[in-house]
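Peer 1: Structure incoming, see below.
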Amino acid sequence: MSSRSLSTSTLRTFPRSQRAPFFYANQCRHFSSTRRVSQNATGATPPRRVKRPGTKLLAAATALALIYISTRSPAPVQAEAPAQDPPELLIEKTKKKKGVSKEQNRDLISSQHLQVKKSWENPGVYAWGSNTGKVVAPESNETYIKTPRRLSWFDDVLLRDIKLDRTFGAAVLENGDLVQWGNAYSEDVRQPTVTLKGKNLISVAISRDRVLGLSKDGTVFSVPVCKRDQETGHKQSESSWIPFWSSTSTISYRKLEPKNLSSREKVTAISGGLEHALLLTSSGRVFSVASGTEDFPGRGELGVPGVTWLTRPEGRYDMCHELTTLKGFEIAKIATGEHHSLVLDREGRVFAFGDNSSGQLGFDYNSESPFIDTPSLLPITRLYQGTNQKPKVTSIAAGGQNSFFTVEATRVAGQDERSASVQTLGKVTADTWACGTGIRGTLGNGKWTHIQGTPTKIPSLSGLFEYDEVEKKVIPIRMAQISVGSTHASAVLKNVTYLDASEKSSEDTTNWGADVLWWGGNEFYQLGTGKRNNNATPIYIRPLDMASEAEQGRREEHRLHLTPMKDVKVKGRKVRMEQRVECGRNVTAVYSAV
């Protein structure tokens with residue numbers, strides 16, 4: 001599998017459904033060896049020839065030993081300790097039961113199979129963290145929710161998207177309607193409430209006091225968080241499918257409309273910070289906009305040089321600004337932190353702008369220039385200088401004062417190497433890098449750092465490989481999703497999964513999903529461990545539905561796995577769904593998504 005060697009004393013074997021590629025990759029890393037031993041054609045180490053000592057040499061050595069013993073004073077006689085019995089070998093009893101179905105036995109032998117099954121049978125939202133804003137547990141007066149708990153309102157509900165703040169939440173239902181809840185929405189209304197209807201939203205972003213919703217046709221709606229502002233603010237006149245007929249919207253909202261779009265160009269993605277948002281169009285163009293009403297962006301996060309509240313162009317405060325410095329680059333992905341922005345083009349180049357007070361842009365902090373208001377290219381190639389690897393950034397993520405990059409590094413021939421002599425030529429390694437503040441462990445690199453300008457590799461999420469039994473080869477383990485909150489983060493691994501166990505397959509054939517890990521600040525129990533200590537390295541947490549685990553008689557700890565996208569039947573209807581993670585500001589959620 002890898003040039004790294006694995007200590008056999010630490011190797012454990014699991015059924016395929018219980019394997020953790022993350023575990024094996026790290027074991028390889030901790031027990032690697034650089035010693036090389038020559039081997040013969042069969043792969044065995046050839047025996048060495050040993051020259052025996054001569055007879056005279058043996059006689060001399062014996063005489064010296066006798067002289068040495070005779071000059072030593074006799075040591076006190078001590079009773080030898082009785083030999084300890086070897087530790088008893090415990091063999092785990094089979095968990096299978098006779099007289100039950102295959103499916104029941106699968107639930108007994110595999111926690112992962114049970115988790116996948118429950119995610120299909122009982123879709124919904126699990127949330128945890130700070131509950132001071134009545135977001136993760138609206139009906140509870142608890143200050144913190146320490147471990148995952150279901151939001152009852154979302155039982156059997158599928159969502160298109162969800163975003164969480166400590167004081168409010170916003171979600172898009174399967175039909176495209178917007179749902180809001182939390183104290184910032186209304187202290188009198190405890191349950192989630194449908195607010196913006198009939199707009200066919202596909203995703204949401206949140207700022208300090210507004211919710212942005214993107215519709216399927218590319219329209220971007222800006223809705224006040226507060227219920228009172230929705231009721232008392234200006235209401236739009238809306239057209240109807242009936243000719244010459246119009247009506248007034250039920251709540252107040254504004255439309256964020258980029259100018260000079262082509263006839264077929266539309267907004268396809270949105271991302272929001274505390275005061276700003278980015279809009280990505282189908283043509284690869286990026287627009288920035290002031291997304292809140294309390295403070296105008298003033299740390300360069302709009303990406304327009306010199307724009308402040310006083311110097312902004314005439315017109316609406318939340319007008320859309322095209323990032324003209326990015327013309328010529330086809331942007332594929334966008335991400336925003338609280339006061340900074342990232343964009344990624346199709347060639348794998350990353351541009352960053354905004355607040356850099358913690359090094360979150362990937363540049364060293366400069367006290368004289370704490371922010372950068374022009375999209376600036378990150379020198380990712382420097383991170384791989386001298387490694388004979390060619391890097392390409394594949395995804396970006398941001399939140400709080402942190403940024404994350406996933407990179408695929410391809411082995412190339414060095415300056416003094418011949419391509420034919422490099423056995424690993426073309427090998428791809430998937431790495432994850434982070435920058436920004438790390439005092440709470442949000443960098444994930446095992447260190448507690450105030451400011452990290454130059455991106456640092458996350459060892460636990462880099463250089464991971466596993467054997468794909470379908471492809472019959474070793475493949476890199478990439479990241480399927482990285483979600484970043486204000487002080488914590490989560491990564492869903494794109495490891496090999498299996499979801500096709502059926503009555504036709506053996507009872508030993510079980511489903512398993514994707515590994516998910518968490519790290520960073522835990523001051524509000526947002527990591528879901530049940531404890532309050534921060535974690536500077538990615539860790540696993542327990543399954544969401546611990547009651548189901550107990551019903552199967554499991555007392556040992558198992559890790560949470562998320563179910564990837566799959567066509568399944570939910571309450572009698574066929575849907576395509578998966579589980580996703582959302583790290584918000586001091587809160588976390590896992591939800592069933594379509």
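In the structure tokens, the first chain shown is A, the next is B, and so on; residue numbers restart at 1 for each chain, and ligands run from 1 in the order shown.
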Extract, using only C-alpha atoms, all DNA, RNA and protein residues at most 10 Å from A:Phe221, discarding same-chain residues fewer than 5 positions from it, and format them as a list in words.

Peer 2: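 Counting only C-alpha atoms, the residues come to Leu196, Lys199, Leu201, Val204, Arg210, Val211, Leu212, Gly213, Leu214, Ser215, Tyr253, Arg254, Lys255, Leu256 and Glu257 of chain A.
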
Peer 1: Wanna dump the stretch 542-588 of chain A-stretch 483-505 of chain A contacts at 9 Å for me, each residue with its shortest atom pair and the distance in Å to one decimal, counting only C-alpha atoms, ordered by chain and number, as JSON lines?

Peer 2:
{"residue": "A:His561", "atom": "CA", "partner": "A:Val492", "partner_atom": "CA", "distance": 9.0}
{"residue": "A:Leu562", "atom": "CA", "partner": "A:Val492", "partner_atom": "CA", "distance": 8.0}
{"residue": "A:Thr563", "atom": "CA", "partner": "A:Leu499", "partner_atom": "CA", "distance": 8.5}
{"residue": "A:Pro564", "atom": "CA", "partner": "A:Thr497", "partner_atom": "CA", "distance": 7.9}
{"residue": "A:Lys566", "atom": "CA", "partner": "A:Leu499", "partner_atom": "CA", "distance": 7.9}
{"residue": "A:Arg580", "atom": "CA", "partner": "A:Val492", "partner_atom": "CA", "distance": 8.4}
{"residue": "A:Val581", "atom": "CA", "partner": "A:Ser483", "partner_atom": "CA", "distance": 6.7}
{"residue": "A:Glu582", "atom": "CA", "partner": "A:Ser483", "partner_atom": "CA", "distance": 5.9}
{"residue": "A:Cys583", "atom": "CA", "partner": "A:Gly485", "partner_atom": "CA", "distance": 4.6}
{"residue": "A:Gly584", "atom": "CA", "partner": "A:Gly485", "partner_atom": "CA", "distance": 4.4}
{"residue": "A:Arg585", "atom": "CA", "partner": "A:Ser486", "partner_atom": "CA", "distance": 4.8}
{"residue": "A:Asn586", "atom": "CA", "partner": "A:Ser486", "partner_atom": "CA", "distance": 6.5}
{"residue": "A:Val587", "atom": "CA", "partner": "A:Gly485", "partner_atom": "CA", "distance": 7.8}
{"residue": "A:Thr588", "atom": "CA", "partner": "A:Gly485", "partner_atom": "CA", "distance": 8.1}

Peer 1: Please dump the current selection as a PDB file, in the first residue's frame; keep C-alpha atoms.

Peer 2:
ATOM      1  CA  HIS A 561     -20.234   7.802  10.557  1.00  0.00           C
ATOM      2  CA  LEU A 562     -22.271   9.893   8.114  1.00  0.00           C
ATOM      3  CA  THR A 563     -24.354   8.392   5.351  1.00  0.00           C
ATOM      4  CA  PRO A 564     -23.329   9.540   1.835  1.00  0.00           C
ATOM      5  CA  LYS A 566     -28.061   7.446  -1.827  1.00  0.00           C
ATOM      6  CA  ARG A 580     -24.172  16.765   6.148  1.00  0.00           C
ATOM      7  CA  VAL A 581     -22.418  18.772   8.860  1.00  0.00           C
ATOM      8  CA  GLU A 582     -22.891  22.463   9.612  1.00  0.00           C
ATOM      9  CA  CYS A 583     -20.487  24.183  12.019  1.00  0.00           C
ATOM     10  CA  GLY A 584     -21.923  27.549  12.999  1.00  0.00           C
ATOM     11  CA  ARG A 585     -21.057  30.220  15.506  1.00  0.00           C
ATOM     12  CA  ASN A 586     -20.654  28.214  18.725  1.00  0.00           C
ATOM     13  CA  VAL A 587     -23.170  25.591  17.570  1.00  0.00           C
ATOM     14  CA  THR A 588     -23.110  22.477  15.381  1.00  0.00           C
TER      15      THR A 588
END

Peer 1: Just asking: which residues within stretch 213-376 of chain A are helix (DSSP H, G or I) according to DSSP, as an MDAnalysis selection string?

Peer 2: chainID A and resid 227:232 324:326

Peer 1: For a test of reading the model, state the distance in Å between atom CA of A:Leu261 and atom CA of A:Arg208, rounded to one decimal.

Peer 2: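 We find that atom CA of A:Leu261 and atom CA of A:Arg208 lie 28.0 Å from each other.
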
Peer 1: I'd like the interatomic distance between atom CA of A:Arg149 and atom CA of A:Thr193, to a tenth of an Å.

Peer 2: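 Straight-line distance from atom CA of A:Arg149 to atom CA of A:Thr193 works out to 19.6 Å.
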
Peer 1: I'd like the interatomic distance between atom CA of A:Asp431 and atom CA of A:Ser592, to a tenth of an Å.

Peer 2: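 Taking atom CA of A:Asp431 and atom CA of A:Ser592, their separation equals 27.6 Å.
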
Peer 1: Fewer than 6 positions away in the same chain doesn't count, so skip those; otherwise give me all residues within 10 Å of A:Asp229, counting only C-alpha atoms, as a ChimeraX atom specification.

Peer 2: /A:185,223,251-253

Peer 1: Using only C-alpha atoms, can you tell me which of A:Gly298, A:Pro148, A:Pro305, A:Gly169 comes closest to A:Gly133?

Peer 2: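 Counting only C-alpha atoms, the residue closest to A:Gly133 is A:Gly169.
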
Peer 1: Write out as a PDB file with N, CA and C atoms, in the first residue's frame the residues lying within 8 Å of A:Gly218, counting only C-alpha atoms and excluding same-chain residues fewer than 4 positions away.

Peer 2:
ATOM      1  N   LEU A 214     -30.674  31.898  -1.762  1.00  0.00           N
ATOM      2  CA  LEU A 214     -30.466  31.796  -3.208  1.00  0.00           C
ATOM      3  C   LEU A 214     -31.513  30.873  -3.798  1.00  0.00           C
ATOM      4  N   LYS A 266     -26.429  33.510 -14.294  1.00  0.00           N
ATOM      5  CA  LYS A 266     -27.180  33.660 -13.046  1.00  0.00           C
ATOM      6  C   LYS A 266     -26.273  33.318 -11.863  1.00  0.00           C
ATOM      7  N   VAL A 267     -26.702  33.719 -10.690  1.00  0.00           N
ATOM      8  CA  VAL A 267     -25.960  33.413  -9.475  1.00  0.00           C
ATOM      9  C   VAL A 267     -26.162  31.948  -9.125  1.00  0.00           C
ATOM     10  N   THR A 268     -25.073  31.244  -8.871  1.00  0.00           N
ATOM     11  CA  THR A 268     -25.146  29.806  -8.589  1.00  0.00           C
ATOM     12  C   THR A 268     -24.704  29.446  -7.178  1.00  0.00           C
TER      13      THR A 268
END

Peer 1: With only C-alpha atoms as the counted atoms, please give the residues lying no more than 6 Å from stretch 538-541 of chain A, apart from itself and same-chain residues fewer than 4 positions off, as JSON, numbers by chain.

Peer 2: {"A": [517, 518, 519, 529, 559, 560]}

Peer 1: Grab the residues selected above and save them as a PDB file, in the first residue's frame with N, CA and C atoms.

Peer 2:
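Dumped to selection_30.pdb:
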ATOM      1  N   LEU A 517     -14.662  13.926  11.490  1.00  0.00           N
ATOM      2  CA  LEU A 517     -13.837  14.318  12.627  1.00  0.00           C
ATOM      3  C   LEU A 517     -14.064  15.778  12.981  1.00  0.00           C
ATOM      4  N   TRP A 518     -13.713  16.131  14.234  1.00  0.00           N
ATOM      5  CA  TRP A 518     -13.993  17.468  14.765  1.00  0.00           C
ATOM      6  C   TRP A 518     -12.781  17.973  15.520  1.00  0.00           C
ATOM      7  N   TRP A 519     -12.582  19.285  15.517  1.00  0.00           N
ATOM      8  CA  TRP A 519     -11.471  19.860  16.265  1.00  0.00           C
ATOM      9  C   TRP A 519     -11.722  21.351  16.503  1.00  0.00           C
ATOM     10  N   THR A 529     -18.434  16.257  22.234  1.00  0.00           N
ATOM     11  CA  THR A 529     -17.777  15.200  23.000  1.00  0.00           C
ATOM     12  C   THR A 529     -18.396  15.011  24.379  1.00  0.00           C
ATOM     13  N   ARG A 559     -17.560   5.111  16.764  1.00  0.00           N
ATOM     14  CA  ARG A 559     -17.437   6.462  16.222  1.00  0.00           C
ATOM     15  C   ARG A 559     -18.614   6.774  15.295  1.00  0.00           C
ATOM     16  N   LEU A 560     -18.869   8.071  15.153  1.00  0.00           N
ATOM     17  CA  LEU A 560     -19.929   8.531  14.267  1.00  0.00           C
ATOM     18  C   LEU A 560     -19.509   8.380  12.811  1.00  0.00           C
TER      19      LEU A 560
END

Peer 1: Do you know which residues are at most 7 Å from stretch 140-142 of chain A counting only C-alpha atoms, after dropping those on the same chain fewer than 3 positions away, and could you put them as a list of chain:residue names?

Peer 2: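 Skipping anything fewer than 3 positions along the chain leaves A:Asn131, A:Ala137, A:Ile145.
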
Peer 1: Filtering to N, CA and C atoms, could you give me those residues as a PDB file, in the first residue's frame?

Peer 2:
ATOM      1  N   ASN A 131     -26.844  27.075  23.837  1.00  0.00           N
ATOM      2  CA  ASN A 131     -28.303  27.173  23.696  1.00  0.00           C
ATOM      3  C   ASN A 131     -28.831  28.451  24.319  1.00  0.00           C
ATOM      4  N   ALA A 137     -31.854  23.788  21.070  1.00  0.00           N
ATOM      5  CA  ALA A 137     -32.933  23.138  21.824  1.00  0.00           C
ATOM      6  C   ALA A 137     -33.950  24.208  22.206  1.00  0.00           C
ATOM      7  N   ILE A 145     -26.032  22.398  25.269  1.00  0.00           N
ATOM      8  CA  ILE A 145     -26.414  21.039  24.900  1.00  0.00           C
ATOM      9  C   ILE A 145     -25.104  20.330  24.588  1.00  0.00           C
TER      10      ILE A 145
END

Peer 1: With distances taken over only C-alpha atoms, which of A:Lys392, A:Phe351, A:Gly359, A:Asp567 is nearest to A:His450?

Peer 2: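 Counting only C-alpha atoms, the residue closest to A:His450 is A:Gly359.
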
Peer 1: Residues within 10 Å of A:Gln180, please, as a list in words. Count only C-alpha atoms; anything in the same chain fewer than 4 positions from it doesn't count.

Peer 2: Val135, Ile162, Lys163, Leu164, Phe168, Gly169, Ala170, Ala171, Val172, Ala184, Tyr185, Ser186, Gln191, Pro192, Thr193, Val194, Thr195, Leu196, Val211, Val225, Cys226 and Lys227 of chain A
